[in-house]
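J.: To be precise about what I am sending: the file is called model.pdb and holds PDB, C-alpha atoms.
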```pdb
ATOM      1  CA  MET A   1      74.742  61.302  95.279
ATOM      2  CA  ARG A   2      76.159  61.012  91.763
ATOM      3  CA  HIS A   3      78.388  64.052  92.362
ATOM      4  CA  GLU A   4      80.028  62.406  95.421
ATOM      5  CA  ALA A   5      80.727  59.225  93.461
ATOM      6  CA  ASP A   6      82.414  61.236  90.697
ATOM      7  CA  ASP A   7      84.552  63.069  93.280
ATOM      8  CA  MET A   8      85.624  59.780  94.878
ATOM      9  CA  LYS A   9      86.511  58.329  91.479
ATOM     10  CA  SER A  10      88.456  61.468  90.570
ATOM     11  CA  ASN A  11      90.383  61.350  93.876
ATOM     12  CA  ARG A  12      91.201  57.685  93.322
ATOM     13  CA  ILE A  13      92.541  58.453  89.829
ATOM     14  CA  ARG A  14      94.723  61.263  91.225
ATOM     15  CA  ARG A  15      96.154  58.958  93.912
ATOM     16  CA  VAL A  16      96.958  56.254  91.373
ATOM     17  CA  ALA A  17      98.599  58.821  89.083
ATOM     18  CA  ALA A  18     100.667  60.162  91.999
ATOM     19  CA  LEU A  19     101.804  56.623  92.861
ATOM     20  CA  VAL A  20     102.775  55.950  89.234
ATOM     21  CA  VAL A  21     104.799  59.191  89.077
ATOM     22  CA  ALA A  22     106.486  58.381  92.403
ATOM     23  CA  GLY A  23     107.331  54.890  91.153
ATOM     24  CA  VAL A  24     108.845  56.189  87.925
ATOM     25  CA  LEU A  25     110.937  58.761  89.836
ATOM     26  CA  ALA A  26     112.153  56.121  92.277
ATOM     27  CA  TRP A  27     113.079  53.791  89.428
ATOM     28  CA  THR A  28     114.954  56.429  87.393
ATOM     29  CA  VAL A  29     116.620  58.340  90.237
ATOM     30  CA  LEU A  30     116.940  56.243  93.379
ATOM     31  CA  VAL A  31     117.577  52.787  91.948
ATOM     32  CA  PRO A  32     120.703  53.782  89.935
ATOM     33  CA  ARG A  33     122.122  55.727  92.914
ATOM     34  CA  LEU A  34     121.527  52.812  95.248
ATOM     35  CA  GLY A  35     123.058  50.467  92.686
ATOM     36  CA  ASN A  36     126.207  52.599  92.586
ATOM     37  CA  ALA A  37     126.488  52.288  96.356
ATOM     38  CA  PHE A  38     126.871  48.499  96.182
ATOM     39  CA  VAL A  39     128.983  47.940  93.059
ATOM     40  CA  GLY A  40     132.442  48.404  94.607
ATOM     41  CA  ALA A  41     135.545  49.965  93.084
ATOM     42  CA  ALA A  42     136.016  47.274  90.417
ATOM     43  CA  GLY A  43     132.369  47.288  89.342
ATOM     44  CA  ILE A  44     130.861  49.400  86.592
ATOM     45  CA  HIS A  45     128.926  52.373  87.958
ATOM     46  CA  ASP A  46     125.994  54.160  86.331
ATOM     47  CA  ALA A  47     127.698  57.393  85.188
ATOM     48  CA  PRO A  48     124.593  59.622  85.017
ATOM     49  CA  ALA A  49     123.708  58.638  88.599
ATOM     50  CA  LEU A  50     127.127  59.560  90.002
ATOM     51  CA  PRO A  51     127.153  62.746  92.067
ATOM     52  CA  ASP A  52     129.305  65.744  91.163
ATOM     53  CA  HIS A  53     130.981  65.566  94.593
ATOM     54  CA  ILE A  54     132.074  62.502  96.564
ATOM     55  CA  ALA A  55     133.842  61.990  99.884
ATOM     56  CA  ILE A  56     136.711  59.510  99.870
ATOM     57  CA  CYS A  57     139.413  59.112 102.527
ATOM     58  CA  GLY A  58     138.003  61.988 104.550
ATOM     59  CA  ARG A  59     138.425  64.450 101.667
ATOM     60  CA  GLY A  60     136.121  66.062  99.115
ATOM     61  CA  TRP A  61     136.469  65.271  95.401
ATOM     62  CA  THR A  62     134.728  66.913  92.426
ATOM     63  CA  LYS A  63     133.890  65.299  89.084
ATOM     64  CA  ASP A  64     135.919  66.747  86.226
ATOM     65  CA  GLY A  65     133.764  68.227  83.505
ATOM     66  CA  PRO A  66     130.734  66.949  81.675
ATOM     67  CA  ASP A  67     130.990  63.151  81.531
ATOM     68  CA  ARG A  68     134.492  63.006  80.016
ATOM     69  CA  ARG A  69     135.312  59.288  79.981
ATOM     70  CA  LEU A  70     138.910  58.151  79.802
ATOM     71  CA  SER A  71     140.420  54.758  78.992
ATOM     72  CA  LEU A  72     143.120  53.191  81.179
ATOM     73  CA  THR A  73     145.656  53.824  78.408
ATOM     74  CA  ALA A  74     144.693  57.509  78.217
ATOM     75  CA  ILE A  75     144.940  57.869  82.004
ATOM     76  CA  ARG A  76     148.337  56.147  82.164
ATOM     77  CA  THR A  77     149.625  58.289  79.286
ATOM     78  CA  ARG A  78     148.303  61.535  80.767
ATOM     79  CA  ASP A  79     149.211  60.932  84.426
ATOM     80  CA  GLY A  80     152.246  58.681  84.039
ATOM     81  CA  VAL A  81     151.030  56.417  86.869
ATOM     82  CA  GLU A  82     148.546  53.631  87.493
ATOM     83  CA  PRO A  83     145.165  55.244  88.307
ATOM     84  CA  VAL A  84     143.548  54.882  91.707
ATOM     85  CA  VAL A  85     140.046  53.504  91.093
ATOM     86  CA  VAL A  86     137.647  54.090  93.973
ATOM     87  CA  ASP A  87     134.200  53.087  95.146
ATOM     88  CA  PRO A  88     132.082  56.284  95.357
ATOM     89  CA  GLY A  89     129.706  54.736  97.919
ATOM     90  CA  LEU A  90     129.027  56.390 101.271
ATOM     91  CA  PHE A  91     130.932  53.879 103.395
ATOM     92  CA  ALA A  92     133.585  52.866 100.875
ATOM     93  CA  PRO A  93     137.052  51.967 102.159
ATOM     94  CA  CYS A  94     139.961  54.330 101.574
ATOM     95  CA  PRO A  95     142.379  52.734  99.070
ATOM     96  CA  ILE A  96     146.114  53.333  99.137
ATOM     97  CA  GLY A  97     147.129  56.396  97.126
ATOM     98  CA  PRO A  98     144.586  59.234  97.422
ATOM     99  CA  CYS A  99     145.327  62.210  99.633
ATOM    100  CA  THR A 100     143.659  61.696 103.005
ATOM    101  CA  ALA A 101     142.507  63.922 105.843
ATOM    102  CA  VAL A 102     145.701  63.004 107.748
ATOM    103  CA  ALA A 103     148.885  64.869 106.748
ATOM    104  CA  HIS A 104     151.744  62.679 105.479
ATOM    105  CA  ASP A 105     155.145  63.467 104.011
ATOM    106  CA  ASP A 106     154.565  60.905 101.262
ATOM    107  CA  PRO A 107     153.146  62.042  97.916
ATOM    108  CA  CYS A 108     149.474  61.346  97.358
ATOM    109  CA  ASP A 109     147.126  61.276  94.375
ATOM    110  CA  THR A 110     145.005  64.396  93.805
ATOM    111  CA  VAL A 111     142.955  62.684  91.077
ATOM    112  CA  ILE A 112     140.938  59.499  91.566
ATOM    113  CA  TYR A 113     138.757  57.547  89.139
ATOM    114  CA  VAL A 114     135.390  55.788  89.134
ATOM    115  CA  ARG A 115     134.830  52.972  86.635
ATOM    116  CA  VAL A 116     131.819  53.591  84.378
ATOM    117  CA  GLY A 117     132.442  51.123  81.522
ATOM    118  CA  GLU A 118     134.564  48.135  80.471
ATOM    119  CA  ASP A 119     137.427  50.564  79.746
ATOM    120  CA  ALA A 120     135.920  53.911  80.755
ATOM    121  CA  TYR A 121     136.625  55.993  83.843
ATOM    122  CA  LEU A 122     135.499  59.375  85.166
ATOM    123  CA  ASP A 123     137.999  61.414  87.117
ATOM    124  CA  TYR A 124     137.396  63.290  90.352
ATOM    125  CA  GLU A 125     139.809  65.983  91.514
ATOM    126  CA  LEU A 126     140.734  66.739  95.105
ATOM    127  CA  GLN A 127     139.190  69.897  96.540
ATOM    128  CA  GLY A 128     141.245  72.087  98.859
ATOM    129  CA  GLY A 129     144.739  70.969  97.882
ATOM    130  CA  PRO A 130     146.967  68.277  99.396
TER     131      PRO A 130
END
```
Please rewrite the model in this file as structure tokens.
T.:
Amino acid sequence: MRHEADDMKSNRIRRVAALVVAGVLAWTVLVPRLGNAFVGAAGIHDAPALPDHIAICGRGWTKDGPDRRLSLTAIRTRDGVEPVVVDPGLFAPCPIGPCTAVAHDDPCDTVIYVRVGEDAYLDYELQGGP
């Protein structure tokens, strides 16, 4: 009788521990990713929660390097144009500028940016060429 009670108590402790671990994982992994989905292009995104690959305007884009943050001044100096800042969410609208899945004769941007700080942006490069 005592042995069964100890087993039930042990099983209850394991279930509680599993729920605590699941809660911590959800809080540290899912919550930041979900937050990024609702911030919008102008909002500040959680950089560590951003994926390495995003889909914008029907095209694939890959994050450039290990968390290299650039200021607007650095981007303007390097690229010579105003950066296209995008929302990396699943159903984000396609802004004007990035290369799209539809062929055009007009030039298009092969680098887009996601805002991750007051004046900090991560760049994503187009995969597969214009």
J.: Compare A:Ile13, A:Thr62, A:Pro51, A:Thr73 by their minimum atom-to-atom distance to Asp119 in chain A, counting only C-alpha atoms, and give me the closest one.
T.: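 Ranked by minimum distance to Asp119 in chain A, first place goes to A:Thr73.
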J.: For this file, the PyMOL selection byres ((chain A and resi 97-107) around 12) selects which residues, as a PyMOL selection string?
T.: chain A and resi 55-61+81-86+93-96+108-113+124-130
J.: Mind giving me the straight-line distance from CA of Ile75 in chain A to CA of Phe91 in chain A in Å, one decimal?
T.: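 About the pair CA of Ile75 in chain A and CA of Phe91 in chain A: they are 25.9 Å apart.
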J.: How far is it from CA of Val20 in chain A to CA of Leu90 in chain A, in Å with one decimal?
T.: 28.9 Å
J.: Please report the interatomic distance between CA of Leu70 in chain A and CA of His53 in chain A in Å with one decimal.
T.: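 Going from CA of Leu70 in chain A over to CA of His53 in chain A covers 18.3 Å.
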J.: Of the residues A:Glu118, A:Ala18, A:Ser10, A:Ala41, which is the one nearest to Ala92 in chain A, using all atoms listed in the file?
T.: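 So, comparing all the options, the nearest one is A:Ala41.
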J.: So what does the PyMOL selection byres ((chain A and resi 122) around 8) actually pick up in this one, as a list in words?
T.: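 Selected by the PyMOL selection byres ((chain A and resi 122) around 8) here: Lys63, Asp64, Asp67, Arg68, Arg69, Leu70, Tyr113, Val114, Arg115, Val116, Ala120, Tyr121, Asp123 and Tyr124 of chain A.
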